[in-house]
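Student: entry.txt is reproduced below (compact mmCIF, N, CA and C atoms).
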# COMPACT_ATOMS: atom_id res chain seq x y z
N MET V 1 0.84 -1.19 0.00
CA MET V 1 0.00 0.00 0.00
C MET V 1 0.88 1.24 0.00
N LYS V 2 0.72 2.08 -1.01
CA LYS V 2 1.50 3.30 -1.10
C LYS V 2 0.84 4.41 -0.31
N THR V 3 1.67 5.21 0.34
CA THR V 3 1.14 6.36 1.06
C THR V 3 1.04 7.54 0.10
N ALA V 4 0.47 8.63 0.57
CA ALA V 4 0.33 9.83 -0.26
C ALA V 4 1.69 10.42 -0.60
N TYR V 5 2.65 10.26 0.31
CA TYR V 5 3.99 10.80 0.08
C TYR V 5 4.80 9.93 -0.89
N ASP V 6 4.39 8.69 -1.12
CA ASP V 6 5.02 7.87 -2.14
C ASP V 6 4.51 8.23 -3.53
N ILE V 7 3.31 8.79 -3.60
CA ILE V 7 2.72 9.16 -4.89
C ILE V 7 3.20 10.55 -5.33
N ILE V 8 3.10 11.53 -4.44
CA ILE V 8 3.55 12.90 -4.74
C ILE V 8 5.01 12.99 -4.36
N LEU V 9 5.91 13.12 -5.36
CA LEU V 9 7.34 13.12 -5.09
C LEU V 9 7.86 14.52 -4.76
N ARG V 10 7.51 15.51 -5.60
CA ARG V 10 7.97 16.87 -5.33
C ARG V 10 7.15 17.84 -6.16
N PRO V 11 7.07 19.11 -5.74
CA PRO V 11 6.41 20.12 -6.57
C PRO V 11 7.33 20.54 -7.70
N ILE V 12 6.75 20.97 -8.80
CA ILE V 12 7.53 21.48 -9.92
C ILE V 12 7.47 23.00 -9.87
N ILE V 13 8.62 23.61 -9.63
CA ILE V 13 8.71 25.06 -9.51
C ILE V 13 9.32 25.60 -10.80
N SER V 14 8.50 26.18 -11.65
CA SER V 14 8.98 26.78 -12.89
C SER V 14 8.17 28.06 -13.13
N GLU V 15 8.60 28.82 -14.11
CA GLU V 15 7.91 30.07 -14.40
C GLU V 15 6.47 29.82 -14.86
N GLN V 16 6.30 28.81 -15.69
CA GLN V 16 4.97 28.50 -16.19
C GLN V 16 4.05 27.99 -15.08
N SER V 17 4.56 27.15 -14.21
CA SER V 17 3.72 26.61 -13.14
C SER V 17 3.38 27.68 -12.10
N MET V 18 4.25 28.67 -11.91
CA MET V 18 3.95 29.74 -10.98
C MET V 18 2.89 30.69 -11.53
N GLU V 19 2.86 30.90 -12.85
CA GLU V 19 1.81 31.72 -13.44
C GLU V 19 0.45 31.06 -13.32
N GLN V 20 0.41 29.74 -13.35
CA GLN V 20 -0.86 29.03 -13.26
C GLN V 20 -1.38 28.94 -11.83
N SER V 21 -0.58 29.30 -10.85
CA SER V 21 -1.06 29.24 -9.46
C SER V 21 -2.14 30.29 -9.20
N ASP V 22 -2.23 31.32 -10.05
CA ASP V 22 -3.29 32.32 -9.90
C ASP V 22 -4.67 31.72 -10.16
N ILE V 23 -4.73 30.73 -11.05
CA ILE V 23 -6.01 30.09 -11.36
C ILE V 23 -6.13 28.73 -10.66
N LYS V 24 -5.36 28.57 -9.60
CA LYS V 24 -5.40 27.37 -8.75
C LYS V 24 -5.01 26.10 -9.49
N LYS V 25 -3.96 26.19 -10.31
CA LYS V 25 -3.37 25.02 -10.95
C LYS V 25 -1.97 24.85 -10.41
N TYR V 26 -1.65 23.64 -9.97
CA TYR V 26 -0.35 23.36 -9.37
C TYR V 26 0.24 22.12 -10.02
N ALA V 27 1.56 22.12 -10.22
CA ALA V 27 2.24 21.01 -10.90
C ALA V 27 3.08 20.23 -9.90
N PHE V 28 3.07 18.91 -10.03
CA PHE V 28 3.83 18.02 -9.16
C PHE V 28 4.49 16.93 -9.99
N GLU V 29 5.63 16.46 -9.53
CA GLU V 29 6.21 15.24 -10.08
C GLU V 29 5.65 14.10 -9.26
N VAL V 30 5.13 13.08 -9.94
CA VAL V 30 4.47 11.98 -9.25
C VAL V 30 5.12 10.66 -9.64
N ALA V 31 4.76 9.60 -8.95
CA ALA V 31 5.28 8.27 -9.24
C ALA V 31 4.83 7.84 -10.63
N ARG V 32 5.68 7.09 -11.33
CA ARG V 32 5.39 6.69 -12.71
C ARG V 32 4.16 5.80 -12.81
N ASP V 33 3.88 5.01 -11.78
CA ASP V 33 2.76 4.07 -11.84
C ASP V 33 1.49 4.61 -11.18
N ALA V 34 1.47 5.88 -10.79
CA ALA V 34 0.29 6.46 -10.13
C ALA V 34 -0.74 6.87 -11.18
N ASN V 35 -2.02 6.64 -10.87
CA ASN V 35 -3.07 7.07 -11.79
C ASN V 35 -3.73 8.33 -11.25
N LYS V 36 -4.69 8.88 -12.01
CA LYS V 36 -5.28 10.16 -11.66
C LYS V 36 -6.07 10.11 -10.35
N ILE V 37 -6.71 9.00 -10.08
CA ILE V 37 -7.50 8.87 -8.86
C ILE V 37 -6.58 8.87 -7.64
N GLU V 38 -5.48 8.15 -7.72
CA GLU V 38 -4.52 8.13 -6.61
C GLU V 38 -3.89 9.49 -6.40
N ILE V 39 -3.59 10.20 -7.48
CA ILE V 39 -2.99 11.53 -7.37
C ILE V 39 -3.97 12.50 -6.71
N LYS V 40 -5.23 12.44 -7.10
CA LYS V 40 -6.25 13.30 -6.51
C LYS V 40 -6.39 13.07 -5.01
N LYS V 41 -6.46 11.80 -4.60
CA LYS V 41 -6.59 11.48 -3.18
C LYS V 41 -5.36 11.91 -2.39
N ALA V 42 -4.17 11.75 -3.00
CA ALA V 42 -2.93 12.11 -2.30
C ALA V 42 -2.83 13.62 -2.08
N VAL V 43 -3.18 14.41 -3.09
CA VAL V 43 -3.13 15.88 -2.94
C VAL V 43 -4.15 16.35 -1.92
N GLU V 44 -5.33 15.77 -1.95
CA GLU V 44 -6.36 16.15 -0.97
C GLU V 44 -5.93 15.78 0.45
N GLU V 45 -5.26 14.66 0.61
CA GLU V 45 -4.82 14.23 1.94
C GLU V 45 -3.67 15.07 2.46
N ILE V 46 -2.69 15.37 1.61
CA ILE V 46 -1.50 16.10 2.06
C ILE V 46 -1.81 17.56 2.35
N PHE V 47 -2.52 18.24 1.43
CA PHE V 47 -2.71 19.68 1.53
C PHE V 47 -4.07 20.09 2.07
N GLY V 48 -5.01 19.18 2.19
CA GLY V 48 -6.33 19.50 2.73
C GLY V 48 -7.14 20.40 1.81
N VAL V 49 -7.13 20.13 0.51
CA VAL V 49 -7.85 20.93 -0.47
C VAL V 49 -8.80 20.03 -1.26
N LYS V 50 -9.66 20.64 -2.08
CA LYS V 50 -10.56 19.90 -2.95
C LYS V 50 -10.03 19.99 -4.38
N VAL V 51 -9.85 18.84 -5.02
CA VAL V 51 -9.31 18.78 -6.38
C VAL V 51 -10.46 18.63 -7.37
N ALA V 52 -10.46 19.48 -8.41
CA ALA V 52 -11.49 19.41 -9.44
C ALA V 52 -11.05 18.53 -10.61
N LYS V 53 -9.77 18.65 -11.04
CA LYS V 53 -9.32 17.94 -12.23
C LYS V 53 -7.84 17.64 -12.12
N VAL V 54 -7.43 16.50 -12.66
CA VAL V 54 -6.02 16.11 -12.70
C VAL V 54 -5.67 15.75 -14.14
N THR V 55 -4.59 16.35 -14.65
CA THR V 55 -4.07 15.97 -15.96
C THR V 55 -2.65 15.48 -15.76
N THR V 56 -2.28 14.42 -16.48
CA THR V 56 -0.95 13.84 -16.32
C THR V 56 -0.22 13.80 -17.66
N ALA V 57 1.11 13.75 -17.57
CA ALA V 57 1.94 13.65 -18.76
C ALA V 57 3.20 12.88 -18.41
N ASN V 58 3.56 11.94 -19.26
CA ASN V 58 4.82 11.23 -19.11
C ASN V 58 5.92 12.06 -19.76
N VAL V 59 6.95 12.40 -19.00
CA VAL V 59 8.04 13.23 -19.48
C VAL V 59 9.20 12.31 -19.84
N ARG V 60 9.60 12.34 -21.10
CA ARG V 60 10.70 11.51 -21.57
C ARG V 60 12.03 12.09 -21.11
N GLY V 61 12.99 11.22 -20.81
CA GLY V 61 14.31 11.67 -20.40
C GLY V 61 15.07 12.30 -21.56
N LYS V 62 15.92 13.26 -21.26
CA LYS V 62 16.69 13.93 -22.30
C LYS V 62 17.97 13.16 -22.59
N GLU V 63 18.44 13.27 -23.82
CA GLU V 63 19.68 12.59 -24.20
C GLU V 63 20.87 13.38 -23.66
N ARG V 64 21.79 12.67 -23.02
CA ARG V 64 22.99 13.28 -22.46
C ARG V 64 24.21 12.52 -22.95
N ARG V 65 25.31 13.25 -23.10
CA ARG V 65 26.55 12.62 -23.53
C ARG V 65 27.65 12.94 -22.54
N THR V 66 28.55 11.99 -22.37
CA THR V 66 29.76 12.22 -21.58
C THR V 66 30.93 11.87 -22.47
N GLY V 67 31.39 12.83 -23.26
CA GLY V 67 32.44 12.56 -24.22
C GLY V 67 31.85 12.35 -25.60
N SER V 68 32.56 11.61 -26.43
CA SER V 68 32.11 11.48 -27.81
C SER V 68 31.18 10.27 -28.02
N TYR V 69 31.53 9.11 -27.50
CA TYR V 69 30.74 7.92 -27.83
C TYR V 69 29.66 7.58 -26.81
N PRO V 70 29.97 7.48 -25.54
CA PRO V 70 28.94 6.95 -24.64
C PRO V 70 27.82 7.97 -24.41
N LYS V 71 26.66 7.68 -24.97
CA LYS V 71 25.53 8.56 -24.73
C LYS V 71 24.43 7.76 -24.05
N GLY V 72 23.60 8.47 -23.34
CA GLY V 72 22.50 7.82 -22.64
C GLY V 72 21.38 8.82 -22.43
N PHE V 73 20.47 8.47 -21.57
CA PHE V 73 19.32 9.32 -21.30
C PHE V 73 19.19 9.57 -19.80
N THR V 74 18.73 10.77 -19.45
CA THR V 74 18.38 11.04 -18.06
C THR V 74 17.09 10.28 -17.76
N PRO V 75 16.83 9.98 -16.52
CA PRO V 75 15.61 9.23 -16.21
C PRO V 75 14.35 10.03 -16.54
N GLY V 76 13.33 9.33 -17.01
CA GLY V 76 12.05 9.96 -17.29
C GLY V 76 11.25 10.11 -16.01
N SER V 77 10.16 10.84 -16.10
CA SER V 77 9.32 11.06 -14.93
C SER V 77 7.88 11.24 -15.38
N LYS V 78 7.00 11.45 -14.43
CA LYS V 78 5.60 11.70 -14.72
C LYS V 78 5.20 13.00 -14.03
N LYS V 79 4.49 13.86 -14.76
CA LYS V 79 4.09 15.16 -14.24
C LYS V 79 2.58 15.19 -14.14
N ALA V 80 2.08 15.77 -13.06
CA ALA V 80 0.63 15.93 -12.88
C ALA V 80 0.33 17.40 -12.61
N VAL V 81 -0.66 17.93 -13.33
CA VAL V 81 -1.14 19.28 -13.09
C VAL V 81 -2.51 19.14 -12.44
N VAL V 82 -2.63 19.71 -11.24
CA VAL V 82 -3.83 19.56 -10.42
C VAL V 82 -4.57 20.90 -10.40
N ARG V 83 -5.85 20.88 -10.75
CA ARG V 83 -6.67 22.09 -10.67
C ARG V 83 -7.62 21.94 -9.47
N LEU V 84 -7.64 22.97 -8.63
CA LEU V 84 -8.49 22.96 -7.45
C LEU V 84 -9.85 23.57 -7.77
N THR V 85 -10.84 23.26 -6.93
CA THR V 85 -12.17 23.84 -7.11
C THR V 85 -12.13 25.31 -6.72
N GLU V 86 -13.17 26.04 -7.13
CA GLU V 86 -13.23 27.48 -6.86
C GLU V 86 -13.34 27.79 -5.37
N ASP V 87 -14.07 26.98 -4.62
CA ASP V 87 -14.26 27.25 -3.20
C ASP V 87 -13.14 26.67 -2.33
N SER V 88 -12.17 26.02 -2.92
CA SER V 88 -11.08 25.42 -2.17
C SER V 88 -10.05 26.48 -1.81
N LYS V 89 -9.35 26.25 -0.71
CA LYS V 89 -8.27 27.16 -0.34
C LYS V 89 -7.05 26.88 -1.21
N THR V 90 -6.10 27.82 -1.22
CA THR V 90 -4.89 27.65 -2.02
C THR V 90 -3.88 26.80 -1.26
N ILE V 91 -2.87 26.32 -1.95
CA ILE V 91 -1.80 25.55 -1.31
C ILE V 91 -0.74 26.54 -0.84
N GLU V 92 -0.48 26.56 0.46
CA GLU V 92 0.39 27.56 1.06
C GLU V 92 1.84 27.42 0.60
N PHE V 93 2.24 26.23 0.18
CA PHE V 93 3.63 26.00 -0.22
C PHE V 93 4.01 26.89 -1.41
N PHE V 94 3.06 27.14 -2.31
CA PHE V 94 3.34 27.89 -3.52
C PHE V 94 3.15 29.40 -3.34
N GLU V 95 2.64 29.84 -2.18
CA GLU V 95 2.28 31.25 -1.99
C GLU V 95 3.51 32.16 -2.02
N GLY V 96 4.61 31.80 -1.36
CA GLY V 96 5.76 32.68 -1.29
C GLY V 96 6.61 32.66 -2.54
N MET V 97 6.31 31.80 -3.50
CA MET V 97 7.15 31.65 -4.69
C MET V 97 6.84 32.71 -5.74
N VAL V 98 5.64 33.25 -5.75
CA VAL V 98 5.23 34.18 -6.81
C VAL V 98 5.76 35.57 -6.54
Translate the structure described by the file into structure tokens.
Tutor:
Amino acid sequence: MKTAYDIILRPIISEQSMEQSDIKKYAFEVARDANKIEIKKAVEEIFGVKVAKVTTANVRGKERRTGSYPKGFTPGSKKAVVRLTEDSKTIEFFEGMV
């Protein structure tokens, strides 16, 4: 049984994700095998908010080289963008970032 902290790995802090915090959209890196229902329950449990919609995207690893021949890829990840309901409170973690 996975806990909520096993599903939500870390918040994604970028310029685009900070602009979306005004309309109550927040981005997180999540476990690769987590589905939308598990992500919704985990965010509601951790932050105490109401989630309206969850969208997910698998992020492919970028190609990296060390020298001329040996090339490989950085590890891939999964990203989830969570939209909160209108009557829900905001997530305090993202408040000081804007």
Student: Measuring between only C-alpha atoms, which one of V:Ala80, V:Ile39, V:Ala4, V:Ala34 shows the shortest distance to Thr56 in chain V?
Tutor: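 Distance minimum relative to Thr56 in chain V lands on V:Ala80.
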Student: Near Asp22 in chain V, counting only C-alpha atoms, which residues have an atom at most 12 Å away, once you skip same-chain residues fewer than 6 positions from it, shown as a PyMOL selection string?
Tutor: chain V and resi 16+83-84+86+89-91+94-95+97-98
Student: Go through V:Glu44, V:Lys50, V:Gly76, V:Arg65 and flag the residue nearest Ser88 in chain V, using only N, CA and C atoms for the distances.
Tutor: V:Lys50
Student: Within 7 Å of (8.6, 15.3, -16.9), only C-alpha atoms: residues as a ChimeraX atom specification?
Tutor: /V:58-60,76-79
Student: Determine which residues of chain V receive a DSSP assignment of helix (DSSP H, G or I), computed from the backbone, and state them as a ChimeraX atom specification.
Tutor: /V:4-7,15-23,36-47,92-97
Student: Determine which residues of chain V DSSP labels as strand (DSSP E) from the backbone of this structure, then write them out as a PyMOL selection string.
Tutor: chain V and resi 8-11+25-30+51-59+63-65+71-73+77-84
Student: Extract range 8-77 of chain V from the structure I just pasted (atoms: C-alpha atoms) and return it as a compact mmCIF listing (two decimals), in the first residue's frame.
Tutor:
# COMPACT_ATOMS: atom_id res chain seq x y z
CA ILE V 8 3.55 12.90 -4.74
CA LEU V 9 7.34 13.12 -5.09
CA ARG V 10 7.97 16.87 -5.33
CA PRO V 11 6.41 20.12 -6.57
CA ILE V 12 7.53 21.48 -9.92
CA ILE V 13 8.71 25.06 -9.51
CA SER V 14 8.98 26.78 -12.89
CA GLU V 15 7.91 30.07 -14.40
CA GLN V 16 4.97 28.50 -16.19
CA SER V 17 3.72 26.61 -13.14
CA MET V 18 3.95 29.74 -10.98
CA GLU V 19 1.81 31.72 -13.44
CA GLN V 20 -0.86 29.03 -13.26
CA SER V 21 -1.06 29.24 -9.46
CA ASP V 22 -3.29 32.32 -9.90
CA ILE V 23 -6.01 30.09 -11.36
CA LYS V 24 -5.40 27.37 -8.75
CA LYS V 25 -3.37 25.02 -10.95
CA TYR V 26 -0.35 23.36 -9.37
CA ALA V 27 2.24 21.01 -10.90
CA PHE V 28 3.83 18.02 -9.16
CA GLU V 29 6.21 15.24 -10.08
CA VAL V 30 4.47 11.98 -9.25
CA ALA V 31 5.28 8.27 -9.24
CA ARG V 32 5.39 6.69 -12.71
CA ASP V 33 2.76 4.07 -11.84
CA ALA V 34 0.29 6.46 -10.13
CA ASN V 35 -3.07 7.07 -11.79
CA LYS V 36 -5.28 10.16 -11.66
CA ILE V 37 -7.50 8.87 -8.86
CA GLU V 38 -4.52 8.13 -6.61
CA ILE V 39 -2.99 11.53 -7.37
CA LYS V 40 -6.25 13.30 -6.51
CA LYS V 41 -6.59 11.48 -3.18
CA ALA V 42 -2.93 12.11 -2.30
CA VAL V 43 -3.13 15.88 -2.94
CA GLU V 44 -6.36 16.15 -0.97
CA GLU V 45 -4.82 14.23 1.94
CA ILE V 46 -1.50 16.10 2.06
CA PHE V 47 -2.71 19.68 1.53
CA GLY V 48 -6.33 19.50 2.73
CA VAL V 49 -7.85 20.93 -0.47
CA LYS V 50 -10.56 19.90 -2.95
CA VAL V 51 -9.31 18.78 -6.38
CA ALA V 52 -11.49 19.41 -9.44
CA LYS V 53 -9.32 17.94 -12.23
CA VAL V 54 -6.02 16.11 -12.70
CA THR V 55 -4.07 15.97 -15.96
CA THR V 56 -0.95 13.84 -16.32
CA ALA V 57 1.94 13.65 -18.76
CA ASN V 58 4.82 11.23 -19.11
CA VAL V 59 8.04 13.23 -19.48
CA ARG V 60 10.70 11.51 -21.57
CA GLY V 61 14.31 11.67 -20.40
CA LYS V 62 16.69 13.93 -22.30
CA GLU V 63 19.68 12.59 -24.20
CA ARG V 64 22.99 13.28 -22.46
CA ARG V 65 26.55 12.62 -23.53
CA THR V 66 29.76 12.22 -21.58
CA GLY V 67 32.44 12.56 -24.22
CA SER V 68 32.11 11.48 -27.81
CA TYR V 69 30.74 7.92 -27.83
CA PRO V 70 28.94 6.95 -24.64
CA LYS V 71 25.53 8.56 -24.73
CA GLY V 72 22.50 7.82 -22.64
CA PHE V 73 19.32 9.32 -21.30
CA THR V 74 18.38 11.04 -18.06
CA PRO V 75 15.61 9.23 -16.21
CA GLY V 76 12.05 9.96 -17.29
CA SER V 77 9.32 11.06 -14.93
